[in-house]
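Here's the structure, in C-alpha cells; my notes come after.
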Amino acid sequence: MSQLKNEVSSSDFEIEADDRHTVPKVGMLRVVDTLRVGLCILALAAGAAVLGLGADTLAVYRATSLPADYMLHLWPEEFDVRPTNALIACGALVLVANSLALAMSRVSFVGSRYVARSCVSLAAPVVGLIGALVAMSIYYAVNSSTEVDTIQSWSCRWDGVPMNTRPHFDTLCKESRAALTLATLLVPVEALIFGVVGYEAVLLRRINQGLHH
C-alpha cells in the first residue's frame with residue numbers, strides 16, 4: 001500500500017504524517033488547540049482584571065484608612081480584607097497558570113516533549129479553578145457575616161454618598177462587584193479549558209502513537 005505523505009503546519013508546529021488515519025486527527029487537533037488558546041487568553045484577561053480590580057480597591061482602602069487616634073474615620077475599626085486578598089491571589093494564580101499554558105503552545109506536538117506540554121496544559125486550569133473556588137468561598141463566607149465589614153459591604157453601603165476625593169465608595173463598590181463577578185465566571189471557563197485540554201491530550205497521544213507505528 002502506497003504511503004500518503006502529508007505535512008500539516010500551523011503557526012507554531014509542523015507534523016509529517018505517514019498514515020491516512022493520522023491526517024484527520026491532526027486537523028481536529030489544530031481546531032481543539034485553537035479553542036484551547038482562545039479560552040486561555042480569555043481566562044488570562046479575566047485573571048488580570050480580577051487582580052487589577054482587587055489590588056486597586058485594597059490600595060485605596062490602605063491609603064484612606066486612618067489610625068485609631070483620628071476622630072473621623074472613613075472605615076470601621078473592625079474590618080476584614082481577606083475577601084479582597086483572596087481575589088488578588090486568585091487573579092495572580094490564574095494569570096501565571098494561563099501564561100505558562102500559553103507558553104507551552106510553543107512546544108512541539110510530537111516527540112517526548114508533548115507529555116510535558118500536556119501536563120502543564122492540564123495543570124493550568126486546575127490551579128485556576130481551585131484558586132477561583134477558594135476565593136469565592138472566602139468572599140461569600142466573610143461577606144455573610146453581620147459583625148465584620150469588608151471593602152465591598154462597606155463601600156456598597158455608602159455608595160450613594162457623593163465624594164469629590166477618595167475613597168469614592170461608589171467606584172469601590174462597582175470594582176468589588178466586578179472582581180467577584182469575573183472570579184465567578186472563571187469557574188466555568190477553567191472547567192471548560194480542562195475538558196478541552198483533556199481531549200487534546202487524548203488526540204496528542206493517539207497521533208504520537210500513530211507516528212511511531
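FYI, nothing fancy with the C-alpha cells labels: chains A, B, ... in order, residues from 1 per chain, ligands from 1 as they appear.
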
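For Leu35 (chain A), the set of protein, DNA and RNA residues having any atom at most 10 Å away, when counting only C-alpha atoms and skipping those fewer than 6 positions along the same chain, is A:Leu29, A:Ile41, A:Ile193, A:Val196, A:Val197.
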
Give the helix (DSSP H, G or I) residues of region 56-205 of chain A, as DSSP finds them on the backbone, and put them as a PyMOL selection string.
-> chain A and resi 56-64+82-106+113-143+151-157+169-205

Contacts of Pro76 (chain A) at 9 Å (only C-alpha atoms; same-chain gap of 6+ positions) as number ranges by chain = A: 65, 148-149, 154

Nearby residues (only C-alpha atoms) at most 10 Å from Ile130 (chain A), same-chain spacing under 3 positions excluded, as an MDAnalysis selection string | chainID A and resid 90 93:94 125:127 133:136 187 190

How about saving the chosen residues, N, CA, C and O atoms kept, as a PDB file, in the first residue's frame?
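The resulting file, again.pdb, is reproduced below:
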ATOM      1  N   CYS A  90      -6.319  34.927  43.672  1.00  0.00           N
ATOM      2  CA  CYS A  90      -6.978  34.198  42.582  1.00  0.00           C
ATOM      3  C   CYS A  90      -6.543  34.755  41.234  1.00  0.00           C
ATOM      4  O   CYS A  90      -6.177  33.998  40.325  1.00  0.00           O
ATOM      5  N   LEU A  93      -2.910  33.778  40.485  1.00  0.00           N
ATOM      6  CA  LEU A  93      -2.772  32.362  40.131  1.00  0.00           C
ATOM      7  C   LEU A  93      -3.254  32.102  38.710  1.00  0.00           C
ATOM      8  O   LEU A  93      -2.587  31.406  37.933  1.00  0.00           O
ATOM      9  N   VAL A  94      -4.414  32.647  38.372  1.00  0.00           N
ATOM     10  CA  VAL A  94      -4.966  32.449  37.026  1.00  0.00           C
ATOM     11  C   VAL A  94      -4.053  33.061  35.976  1.00  0.00           C
ATOM     12  O   VAL A  94      -3.818  32.483  34.912  1.00  0.00           O
ATOM     13  N   PRO A 125      -5.509  24.874  34.174  1.00  0.00           N
ATOM     14  CA  PRO A 125      -6.914  25.100  34.544  1.00  0.00           C
ATOM     15  C   PRO A 125      -7.271  24.573  35.925  1.00  0.00           C
ATOM     16  O   PRO A 125      -8.173  25.104  36.576  1.00  0.00           O
ATOM     17  N   VAL A 126      -6.561  23.523  36.373  1.00  0.00           N
ATOM     18  CA  VAL A 126      -6.822  23.005  37.718  1.00  0.00           C
ATOM     19  C   VAL A 126      -6.442  24.050  38.763  1.00  0.00           C
ATOM     20  O   VAL A 126      -7.194  24.318  39.708  1.00  0.00           O
ATOM     21  N   VAL A 127      -5.263  24.655  38.583  1.00  0.00           N
ATOM     22  CA  VAL A 127      -4.810  25.706  39.504  1.00  0.00           C
ATOM     23  C   VAL A 127      -5.774  26.890  39.474  1.00  0.00           C
ATOM     24  O   VAL A 127      -6.161  27.426  40.515  1.00  0.00           O
ATOM     25  N   LEU A 133     -12.405  28.970  43.091  1.00  0.00           N
ATOM     26  CA  LEU A 133     -13.338  28.395  44.070  1.00  0.00           C
ATOM     27  C   LEU A 133     -12.988  28.819  45.493  1.00  0.00           C
ATOM     28  O   LEU A 133     -13.883  29.145  46.288  1.00  0.00           O
ATOM     29  N   VAL A 134     -11.698  28.808  45.818  1.00  0.00           N
ATOM     30  CA  VAL A 134     -11.275  29.227  47.162  1.00  0.00           C
ATOM     31  C   VAL A 134     -11.592  30.699  47.390  1.00  0.00           C
ATOM     32  O   VAL A 134     -12.103  31.088  48.455  1.00  0.00           O
ATOM     33  N   ALA A 135     -11.315  31.533  46.395  1.00  0.00           N
ATOM     34  CA  ALA A 135     -11.593  32.965  46.521  1.00  0.00           C
ATOM     35  C   ALA A 135     -13.080  33.226  46.717  1.00  0.00           C
ATOM     36  O   ALA A 135     -13.479  34.029  47.572  1.00  0.00           O
ATOM     37  N   MET A 136     -13.913  32.540  45.950  1.00  0.00           N
ATOM     38  CA  MET A 136     -15.365  32.712  46.091  1.00  0.00           C
ATOM     39  C   MET A 136     -15.842  32.237  47.457  1.00  0.00           C
ATOM     40  O   MET A 136     -16.701  32.876  48.079  1.00  0.00           O
ATOM     41  N   VAL A 187     -14.793  30.137  37.001  1.00  0.00           N
ATOM     42  CA  VAL A 187     -15.045  28.733  37.361  1.00  0.00           C
ATOM     43  C   VAL A 187     -15.474  27.919  36.141  1.00  0.00           C
ATOM     44  O   VAL A 187     -14.834  26.903  35.803  1.00  0.00           O
ATOM     45  N   GLU A 190     -12.530  27.885  33.411  1.00  0.00           N
ATOM     46  CA  GLU A 190     -11.415  26.982  33.722  1.00  0.00           C
ATOM     47  C   GLU A 190     -11.848  25.519  33.597  1.00  0.00           C
ATOM     48  O   GLU A 190     -11.062  24.670  33.157  1.00  0.00           O
TER      49      GLU A 190
END

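Picture a line from CA of Arg62 (chain A) to CA of Met163 (chain A); it runs 17.5 Å.
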
Figure out the distance between CA of Leu58 (chain A) and CA of Asn85 (chain A), please, to one decimal in Å.
->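 Atom-to-atom, CA of Asn85 (chain A) to CA of Leu58 (chain A), that is 8.0 Å.
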
Minimum-distance residue to Arg30 (chain A), chosen among A:Ala46, A:His168, A:Ser105, A:Thr84 (using only C-alpha atoms) | A:Ser105

Excluding Tyr61 (chain A) and residues on its chain fewer than 4 positions from it, collect all residues at most 8 Å away from it, counting only C-alpha atoms, and give them as an NGL selection string.
-> :A and (57 or 65 or 151 or 167)

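Compared by their closest atoms to Glu147 (chain A), and using only C-alpha atoms, the residues A:Phe79, A:Phe194, A:Tyr199, A:Phe169 rank with A:Phe79 nearest.
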
Could you pull the residues within 12 Å of Gly128 (chain A), counting only C-alpha atoms, minus those fewer than 6 positions along the same chain, as an mmCIF file with N, CA and C atoms, in the first residue's frame?
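Here's the written file result.cif:
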data_model
loop_
_atom_site.group_PDB
_atom_site.id
_atom_site.type_symbol
_atom_site.label_atom_id
_atom_site.label_comp_id
_atom_site.auth_asym_id
_atom_site.auth_seq_id
_atom_site.Cartn_x
_atom_site.Cartn_y
_atom_site.Cartn_z
ATOM 1 N N CYS A 40 -7.769 30.113 26.994
ATOM 2 C CA CYS A 40 -6.694 30.522 27.905
ATOM 3 C C CYS A 40 -6.501 32.034 27.890
ATOM 4 N N ALA A 43 -9.334 33.485 29.924
ATOM 5 C CA ALA A 43 -9.084 33.310 31.357
ATOM 6 C C ALA A 43 -7.964 34.232 31.829
ATOM 7 N N LEU A 44 -6.935 34.387 31.000
ATOM 8 C CA LEU A 44 -5.825 35.259 31.350
ATOM 9 C C LEU A 44 -6.288 36.700 31.502
ATOM 10 N N ALA A 46 -9.371 37.710 32.174
ATOM 11 C CA ALA A 46 -10.231 37.791 33.358
ATOM 12 C C ALA A 46 -9.398 37.788 34.634
ATOM 13 N N GLY A 47 -8.366 36.941 34.682
ATOM 14 C CA GLY A 47 -7.493 36.902 35.849
ATOM 15 C C GLY A 47 -6.765 38.222 36.067
ATOM 16 N N LEU A 87 -9.269 37.461 46.302
ATOM 17 C CA LEU A 87 -9.478 37.775 44.892
ATOM 18 C C LEU A 87 -8.153 38.120 44.205
ATOM 19 N N ALA A 89 -5.166 37.037 45.085
ATOM 20 C CA ALA A 89 -4.430 35.780 44.931
ATOM 21 C C ALA A 89 -5.004 34.948 43.789
ATOM 22 N N CYS A 90 -6.319 34.927 43.672
ATOM 23 C CA CYS A 90 -6.978 34.198 42.582
ATOM 24 C C CYS A 90 -6.543 34.755 41.234
ATOM 25 N N GLY A 91 -6.593 36.076 41.094
ATOM 26 C CA GLY A 91 -6.192 36.694 39.837
ATOM 27 C C GLY A 91 -4.745 36.402 39.483
ATOM 28 N N ALA A 92 -3.863 36.440 40.487
ATOM 29 C CA ALA A 92 -2.446 36.169 40.250
ATOM 30 C C ALA A 92 -2.226 34.717 39.820
ATOM 31 N N LEU A 93 -2.910 33.778 40.485
ATOM 32 C CA LEU A 93 -2.772 32.362 40.131
ATOM 33 C C LEU A 93 -3.254 32.102 38.710
ATOM 34 N N VAL A 94 -4.414 32.647 38.372
ATOM 35 C CA VAL A 94 -4.966 32.449 37.026
ATOM 36 C C VAL A 94 -4.053 33.061 35.976
ATOM 37 N N LEU A 95 -3.516 34.226 36.286
ATOM 38 C CA LEU A 95 -2.624 34.926 35.350
ATOM 39 C C LEU A 95 -1.363 34.105 35.077
ATOM 40 N N VAL A 96 -0.722 33.635 36.137
ATOM 41 C CA VAL A 96 0.519 32.869 35.990
ATOM 42 C C VAL A 96 0.255 31.524 35.316
ATOM 43 N N ALA A 97 -0.785 30.817 35.769
ATOM 44 C CA ALA A 97 -1.074 29.481 35.242
ATOM 45 C C ALA A 97 -1.392 29.522 33.750
ATOM 46 N N ASN A 98 -2.217 30.459 33.335
ATOM 47 C CA ASN A 98 -2.584 30.526 31.920
ATOM 48 C C ASN A 98 -1.464 31.088 31.056
ATOM 49 N N SER A 99 -0.598 31.913 31.646
ATOM 50 C CA SER A 99 0.578 32.379 30.914
ATOM 51 C C SER A 99 1.503 31.203 30.602
ATOM 52 N N LEU A 100 1.692 30.305 31.588
ATOM 53 C CA LEU A 100 2.515 29.117 31.363
ATOM 54 C C LEU A 100 1.868 28.202 30.333
ATOM 55 N N ALA A 101 0.542 28.066 30.397
ATOM 56 C CA ALA A 101 -0.159 27.213 29.436
ATOM 57 C C ALA A 101 -0.002 27.751 28.017
ATOM 58 N N SER A 121 -0.425 21.954 30.477
ATOM 59 C CA SER A 121 -1.711 22.438 29.988
ATOM 60 C C SER A 121 -2.871 21.950 30.850
ATOM 61 N N LEU A 122 -2.747 20.754 31.408
ATOM 62 C CA LEU A 122 -3.788 20.224 32.292
ATOM 63 C C LEU A 122 -3.716 20.850 33.682
ATOM 64 N N VAL A 134 -11.698 28.808 45.818
ATOM 65 C CA VAL A 134 -11.275 29.227 47.162
ATOM 66 C C VAL A 134 -11.592 30.699 47.390
ATOM 67 N N ALA A 135 -11.315 31.533 46.395
ATOM 68 C CA ALA A 135 -11.593 32.965 46.521
ATOM 69 C C ALA A 135 -13.080 33.226 46.717
ATOM 70 N N ALA A 183 -14.399 36.572 38.883
ATOM 71 C CA ALA A 183 -13.897 35.371 39.562
ATOM 72 C C ALA A 183 -14.913 34.235 39.471
ATOM 73 N N THR A 184 -16.188 34.581 39.555
ATOM 74 C CA THR A 184 -17.246 33.571 39.425
ATOM 75 C C THR A 184 -17.276 32.993 38.020
ATOM 76 N N LEU A 185 -17.118 33.848 37.011
ATOM 77 C CA LEU A 185 -17.110 33.390 35.621
ATOM 78 C C LEU A 185 -15.895 32.530 35.306
ATOM 79 N N LEU A 186 -14.823 32.723 36.070
ATOM 80 C CA LEU A 186 -13.618 31.926 35.837
ATOM 81 C C LEU A 186 -13.841 30.446 36.136
ATOM 82 N N VAL A 187 -14.793 30.137 37.001
ATOM 83 C CA VAL A 187 -15.045 28.733 37.361
ATOM 84 C C VAL A 187 -15.474 27.919 36.141
ATOM 85 N N PRO A 188 -16.551 28.307 35.421
ATOM 86 C CA PRO A 188 -16.905 27.522 34.229
ATOM 87 C C PRO A 188 -15.874 27.621 33.111
ATOM 88 N N VAL A 189 -15.200 28.756 32.996
ATOM 89 C CA VAL A 189 -14.184 28.904 31.941
ATOM 90 C C VAL A 189 -13.025 27.939 32.176
ATOM 91 N N GLU A 190 -12.530 27.885 33.411
ATOM 92 C CA GLU A 190 -11.415 26.982 33.722
ATOM 93 C C GLU A 190 -11.848 25.519 33.597
ATOM 94 N N ALA A 191 -13.081 25.225 33.982
ATOM 95 C CA ALA A 191 -13.588 23.854 33.837
ATOM 96 C C ALA A 191 -13.662 23.463 32.359
ATOM 97 N N LEU A 192 -14.094 24.400 31.518
ATOM 98 C CA LEU A 192 -14.161 24.142 30.077
ATOM 99 C C LEU A 192 -12.769 23.951 29.490
ATOM 100 N N ILE A 193 -11.816 24.770 29.941
ATOM 101 C CA ILE A 193 -10.429 24.618 29.474
ATOM 102 C C ILE A 193 -9.899 23.231 29.835
ATOM 103 N N PHE A 194 -10.207 22.776 31.048
ATOM 104 C CA PHE A 194 -9.741 21.455 31.481
ATOM 105 C C PHE A 194 -10.297 20.364 30.572
#

Selected residue of minimal separation from Ala49 (chain A) among A:Leu102, A:Ala124, A:Leu180, A:Val142, counting only C-alpha atoms =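 Selected residue with least distance to Ala49 (chain A): A:Leu180.
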